[in-house]
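Notes for the one structure printed next.
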Amino acid sequence: MGLPSLRAAAWALRRACGPWTPRLGPRLLCLPPMAGNGEAPVPVGTKQEQDRKVRRGWQGAARIWEETEQQAKRLRSSEGGGQHRKLPKRKVVLLVAYSGKGYHGMQRNVGSSKFKTIEDDLVSALVRSGCIPENHGEDMRKMSFQRCARTDKGVSAAGQVVSLKVWLIDDLLEKINSHLPSHIRILGLKRVTGGFNSKNKCDARTYFYMLPTFAFAHKDHDAQDETYRLHAETLGRVNRLLACYRGTHNFHNFTSQKGPREPSARRYILDMFCEEPFVREGMEFAVIKVKGQSFMTHQIRKMVGLVVAIVKGYAPESVLERCWGEAKVDVPKAPGLGLVLERVHFEKYNQRFGHDGLHEPLDWAREEAEVTAFKEQHIYPTIIGTERHERSMAQWLSTLPMHDFGATAHAAAGPGAKVPRPLEGSDGDSD
């Protein structure tokens with residue numbers, strides 16, 4: 001029976017039941033009394049028998065009316081399509097890759113449409129694909145949305161991971177990607193535990209910084225010489241300096257958000273090194289990789305910037321050691337163009353849940369080929385093309401002589417001195 005037929009039957013029933021009375025409700029003289037209710041028999045023809053017949057008829061009519069309404073609601077729900085289906089929500093993680101050029105970072109700025117972010121496009125695609133309701137797109141807390149790292153303006157990612165609750169509709173990845181621009185892709189999806197939080201469960205992050213090798217040429221060399229090739233001796237020195245970052249240090253000089261005595265300024269770097277250079281479109285590039293538990297705003301770019309300043313001859317090597325103390329050191333910040341979030345790590349989660357028979361380990365081994373293809377199609381060409389046309393590295397190198405690497409200012413003059421409160425910032429990954 002269709003919805004119109006159900007409605008017609010209901011209204012016909014109401015018309016046939018007669019007018020409403022305050023004591024008994026509709027006078028249901030048209031319906032036979034309900035049998036089998038276990039009531040004691042009464043003399044035929046008495047007023048008590050007539051009242052009982054009316055009550056029995058009303059009870060039967062009420063059941064018919066309720067069943068009719070329930071069938072009508074079910075029919076309306078099925079006719080509403082996927083948008084109104086009450087599917088169970090499940091906690092999942094999405095492997096996201098994107099080119100950050102033209103975006104003001106990863107994290108969404110609620111209530112501000114002036115600065116476009118990666119999450120603006122991502123959340124819009126989630127709503128349009130039908131895997132989250134529209135009100136969840138307006139308030140991301142309703143879907144328990146969390147990202148592993150808040151990449152900064154212009155920074156790209158090949159292995160960002162976000163956690164959220166979604167409806168597991170058919171062809172979910174294909175539907176989401178169909179509403180995303182080509183430079184933002186969802187490369188993988190996995191079910192996780194109900195209380196999973198991608199930021200809190202992340203053990204470490206791996207970034208790489210891609211830059212033209214002429215950045216390591218001595219300051220007396222032409223800063224825009226695209227024919228420059230990195231010598232093995234220079235590469236060795238670069239790696240020796242990068243190794244100084246390993247371990248736990250006070251990185252307050254590598255961000256503007258922390259004071260020298262704040263415990264959260266101490267960060268643990270597992271590894272940092274520069275790979276062998278390679279040539280693209282006639283220009284030589286190198287990739288610096290760094291793996292750490294977490295990073296503060298601009299920390300990686302300042303780590304790279306200081307090593308470049310030392311290798312070029314603008315700063316002495318001793319400045320690295322001074323950076324760990326309370327003295328304020330002028331540390332240059334390299335451009336954001338070459339910085340890429342390559343991978344996030346969940347070793348502890350994988351050990352506990354990755355092989356429990358219900359969940360998969362979050363290692364993304366099957367998606368590695370797609371990640372590599374995305375970097376080749378969208379990330380590397382953007383970095384190389386932008387560097388060729390905008391020459392962001394060459395322009396930044398020209399500002400290095402303005403820095404005074406010998407100037408220091410103590411944040412605390414003595415044991416009783418007050419430390420100025422720094423700008424509010426997150427302890428999470430911001431580079």
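Ligands are numbered from 1 in the order shown, chains are lettered A, B, ... in the order of the structure tokens, and residues start at 1 in each chain.
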Which of range 233-431 of chain A end up as strand (DSSP E) when DSSP is run on this backbone - answer as a CSV table (one decimal) with C-alpha atoms, in the first residue's frame?
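Resulting contents of selection-v2.csv:
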chain,number,residue,atom,x,y,z
A,247,GLY,CA,67.4,14.4,20.9
A,248,THR,CA,65.5,16.6,23.4
A,249,HIS,CA,66.3,20.3,23.3
A,250,ASN,CA,64.7,23.6,24.3
A,266,ARG,CA,61.2,21.1,25.0
A,267,ARG,CA,60.8,18.9,22.0
A,268,TYR,CA,62.2,15.5,21.0
A,269,ILE,CA,63.7,15.0,17.5
A,270,LEU,CA,64.2,11.4,16.5
A,271,ASP,CA,66.1,12.1,13.3
A,272,MET,CA,67.0,14.8,10.7
A,273,PHE,CA,69.1,14.4,7.6
A,274,CYS,CA,69.5,15.6,4.0
A,278,PHE,CA,68.4,15.4,-7.8
A,279,VAL,CA,67.8,17.5,-10.9
A,280,ARG,CA,64.4,18.6,-12.0
A,283,MET,CA,67.6,22.9,-11.4
A,284,GLU,CA,69.1,20.8,-8.6
A,285,PHE,CA,67.0,20.1,-5.5
A,286,ALA,CA,67.5,18.4,-2.2
A,287,VAL,CA,65.1,17.0,0.4
A,288,ILE,CA,65.7,17.4,4.2
A,289,LYS,CA,63.7,14.9,6.3
A,290,VAL,CA,62.9,15.3,10.0
A,291,LYS,CA,61.0,13.0,12.3
A,292,GLY,CA,59.8,14.3,15.7
A,327,ALA,CA,69.2,33.8,25.6
A,328,LYS,CA,67.1,35.0,22.7
A,329,VAL,CA,68.8,34.2,19.3
A,339,LEU,CA,57.6,22.1,3.6
A,340,VAL,CA,55.5,18.9,3.3
A,341,LEU,CA,53.9,16.7,6.0
A,342,GLU,CA,55.0,13.3,4.6
A,343,ARG,CA,53.7,10.8,7.2
A,344,VAL,CA,52.3,10.4,10.7
A,345,HIS,CA,53.0,7.5,13.0
A,408,THR,CA,71.2,38.1,22.4
A,409,ALA,CA,68.7,39.2,25.0
A,410,HIS,CA,68.1,37.2,28.1
Helix (DSSP H, G or I) residues, from DSSP on the backbone, in range 95-334 of chain A, as a PyMOL selection string: chain A and resi 118-129+134-138+140-143+172-178+213-216+232-245+252-254+263-265+299-312+318-323
Between A:Phe115, A:Phe374, A:Tyr103, A:Tyr349, single out the one closest to Lys153 in chain A, counting only C-alpha atoms. A:Tyr103
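Proximity to Arg301 in chain A was assessed for A:Met210, A:Val319, A:Val123, A:Ile176 counting only C-alpha atoms; the smallest distance is recorded for A:Met210.
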So which residues touch Glu367 in chain A within 9 Å, counting only C-alpha atoms, skipping near sequence neighbours fewer than 6 positions away, as a PyMOL selection string? chain A and resi 95+187-188
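The spacing separating CA of Ala243 in chain A from CA of Thr297 in chain A amounts to 20.8 Å.
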For the contact check between range 280-388 of chain A and range 392-396 of chain A, emit one row per residue of range 280-388 of chain A within 12 Å, containing the shortest atom pair and the distance in Å rounded to one decimal, counting only C-alpha atoms, chain then rising number order, as a Markdown table.
| residue | atom | partner | partner_atom | distance |
| --- | --- | --- | --- | --- |
| A:Phe285 | CA | A:Met393 | CA | 11.7 |
| A:Gly305 | CA | A:Trp396 | CA | 9.6 |
| A:Val308 | CA | A:Trp396 | CA | 11.0 |
| A:Ala309 | CA | A:Trp396 | CA | 10.9 |
| A:Pro332 | CA | A:Trp396 | CA | 9.3 |
| A:Lys333 | CA | A:Trp396 | CA | 8.8 |
| A:Ala334 | CA | A:Trp396 | CA | 7.1 |
| A:Pro335 | CA | A:Met393 | CA | 6.6 |
| A:Gly336 | CA | A:Ser392 | CA | 9.2 |
| A:Leu337 | CA | A:Ser392 | CA | 7.8 |
| A:Gly338 | CA | A:Met393 | CA | 9.2 |
| A:Ile383 | CA | A:Ser392 | CA | 10.0 |
| A:Ile384 | CA | A:Ser392 | CA | 10.7 |
| A:Gly385 | CA | A:Ser392 | CA | 10.9 |
| A:Thr386 | CA | A:Ser392 | CA | 7.8 |
| A:Glu387 | CA | A:Ser392 | CA | 5.8 |
| A:Arg388 | CA | A:Ser392 | CA | 8.5 |
Pull all heavy atoms from the residues just selected and write them as a short mmCIF file (atom, residue, chain, number, x, y, z; two decimals), in the first residue's frame.
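So part-v3.cif came out as:
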data_model
loop_
_atom_site.label_atom_id
_atom_site.label_comp_id
_atom_site.auth_asym_id
_atom_site.auth_seq_id
_atom_site.Cartn_x
_atom_site.Cartn_y
_atom_site.Cartn_z
N PHE A 285 67.74 20.03 -6.72
CA PHE A 285 67.01 20.14 -5.46
C PHE A 285 67.51 19.08 -4.48
O PHE A 285 68.11 18.08 -4.87
CB PHE A 285 65.50 19.93 -5.68
CG PHE A 285 64.82 21.07 -6.37
CD1 PHE A 285 64.82 21.15 -7.76
CD2 PHE A 285 64.18 22.07 -5.65
CE1 PHE A 285 64.19 22.19 -8.42
CE2 PHE A 285 63.55 23.12 -6.30
CZ PHE A 285 63.55 23.18 -7.68
N GLY A 305 66.26 27.05 8.30
CA GLY A 305 66.81 28.38 8.04
C GLY A 305 68.13 28.62 8.74
O GLY A 305 69.06 29.21 8.15
N VAL A 308 70.95 26.64 6.96
CA VAL A 308 71.30 27.32 5.70
C VAL A 308 72.18 28.54 5.99
O VAL A 308 73.19 28.77 5.30
CB VAL A 308 70.03 27.73 4.94
CG1 VAL A 308 70.38 28.66 3.78
CG2 VAL A 308 69.30 26.49 4.42
N ALA A 309 71.82 29.32 7.01
CA ALA A 309 72.60 30.51 7.35
C ALA A 309 74.02 30.15 7.77
O ALA A 309 74.99 30.86 7.44
CB ALA A 309 71.91 31.29 8.47
N PRO A 332 66.56 32.83 11.51
CA PRO A 332 65.77 33.10 10.30
C PRO A 332 64.80 31.96 10.00
O PRO A 332 65.07 30.80 10.31
CB PRO A 332 66.84 33.23 9.21
CG PRO A 332 67.99 32.42 9.72
CD PRO A 332 67.98 32.55 11.21
N LYS A 333 63.69 32.30 9.37
CA LYS A 333 62.65 31.33 9.04
C LYS A 333 62.61 31.10 7.53
O LYS A 333 62.32 32.02 6.76
CB LYS A 333 61.30 31.83 9.54
CG LYS A 333 60.12 30.90 9.25
CD LYS A 333 58.84 31.44 9.85
CE LYS A 333 58.44 32.77 9.24
NZ LYS A 333 57.19 33.29 9.78
N ALA A 334 62.89 29.88 7.10
CA ALA A 334 62.90 29.55 5.67
C ALA A 334 61.48 29.64 5.11
O ALA A 334 60.50 29.54 5.85
CB ALA A 334 63.47 28.16 5.46
N PRO A 335 61.33 29.81 3.79
CA PRO A 335 59.99 29.91 3.18
C PRO A 335 59.15 28.66 3.43
O PRO A 335 59.69 27.56 3.59
CB PRO A 335 60.30 30.08 1.69
CG PRO A 335 61.69 30.61 1.64
CD PRO A 335 62.41 30.01 2.80
N GLY A 336 57.84 28.82 3.45
CA GLY A 336 56.95 27.69 3.70
C GLY A 336 56.70 26.82 2.48
O GLY A 336 56.16 25.72 2.61
N LEU A 337 57.10 27.28 1.31
CA LEU A 337 56.79 26.58 0.06
C LEU A 337 57.25 25.13 0.06
O LEU A 337 56.50 24.24 -0.34
CB LEU A 337 57.43 27.32 -1.12
CG LEU A 337 57.33 26.61 -2.49
CD1 LEU A 337 55.88 26.50 -2.93
CD2 LEU A 337 58.17 27.35 -3.53
N GLY A 338 58.46 24.84 0.51
CA GLY A 338 59.02 23.50 0.37
C GLY A 338 58.66 22.53 1.48
O GLY A 338 59.06 21.36 1.44
N ILE A 383 56.06 22.95 -6.07
CA ILE A 383 57.25 23.52 -5.44
C ILE A 383 58.23 24.01 -6.51
O ILE A 383 58.75 25.14 -6.44
CB ILE A 383 57.92 22.49 -4.51
CG1 ILE A 383 56.99 22.16 -3.34
CG2 ILE A 383 59.25 23.02 -3.99
CD1 ILE A 383 57.50 21.05 -2.44
N ILE A 384 58.49 23.17 -7.51
CA ILE A 384 59.46 23.53 -8.55
C ILE A 384 58.96 24.70 -9.39
O ILE A 384 59.69 25.67 -9.63
CB ILE A 384 59.74 22.30 -9.44
CG1 ILE A 384 60.41 21.19 -8.62
CG2 ILE A 384 60.61 22.69 -10.63
CD1 ILE A 384 60.51 19.86 -9.34
N GLY A 385 57.69 24.62 -9.82
CA GLY A 385 57.15 25.69 -10.66
C GLY A 385 57.08 27.02 -9.93
O GLY A 385 57.40 28.08 -10.49
N THR A 386 56.66 26.99 -8.66
CA THR A 386 56.58 28.23 -7.89
C THR A 386 57.96 28.82 -7.65
O THR A 386 58.15 30.05 -7.72
CB THR A 386 55.87 27.98 -6.55
OG1 THR A 386 54.58 27.39 -6.80
CG2 THR A 386 55.68 29.27 -5.78
N GLU A 387 58.93 27.98 -7.36
CA GLU A 387 60.29 28.47 -7.14
C GLU A 387 60.84 29.10 -8.41
O GLU A 387 61.54 30.13 -8.34
CB GLU A 387 61.18 27.31 -6.67
CG GLU A 387 62.63 27.70 -6.41
CD GLU A 387 62.75 28.78 -5.34
OE1 GLU A 387 62.02 28.72 -4.33
OE2 GLU A 387 63.57 29.71 -5.53
N ARG A 388 60.55 28.52 -9.55
CA ARG A 388 61.05 29.08 -10.81
C ARG A 388 60.42 30.44 -11.10
O ARG A 388 61.11 31.35 -11.56
CB ARG A 388 60.74 28.12 -11.95
CG ARG A 388 61.77 27.00 -12.11
CD ARG A 388 61.60 26.31 -13.45
NE ARG A 388 62.74 25.47 -13.75
CZ ARG A 388 63.89 25.91 -14.22
NH1 ARG A 388 64.07 27.21 -14.41
NH2 ARG A 388 64.88 25.09 -14.50
#
From A:Asn135, A:Gln146, A:Ser182, A:Thr206, residue lying nearest Ser294 in chain A [only C-alpha atoms]: A:Thr206
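Residues surrounding Ser129 in chain A within 12 Å are Gly82, Gln83, Leu122, Val123, Ser124, Ala125, Leu126, Val127, Cys131, Ile132, Pro133, Glu134, Gly137, Val166, Trp167, Leu168, Ile169, Asp170, Asp171, Leu172, Leu173, Glu174, Lys175, Ile176, Asn177, Ser178, His179 and Leu180 of chain A [only C-alpha atoms; sequence separation below 2 positions excluded].
Using only C-alpha atoms, the nearest neighbour of Pro401 in chain A within the list A:His359, A:Lys258, A:Lys219, A:Arg352 is A:Lys219.
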A:Glu276, A:Gly130, A:Ala158, A:Met303: which is nearest Val96 in chain A, counting only C-alpha atoms? A:Ala158
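For the pair CA of Pro277 in chain A and CA of Ser318 in chain A, the interatomic distance is 26.6 Å.
Using only C-alpha atoms, the nearest neighbour of Gly194 in chain A within the list A:Arg240, A:Val93, A:Arg147, A:Ala215 is A:Val93.
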Just want the 12 Å neighbourhood of Ala265 in chain A, counted on only C-alpha atoms, with same-chain residues fewer than 2 positions away dropped. Output as a count of residues only. 31
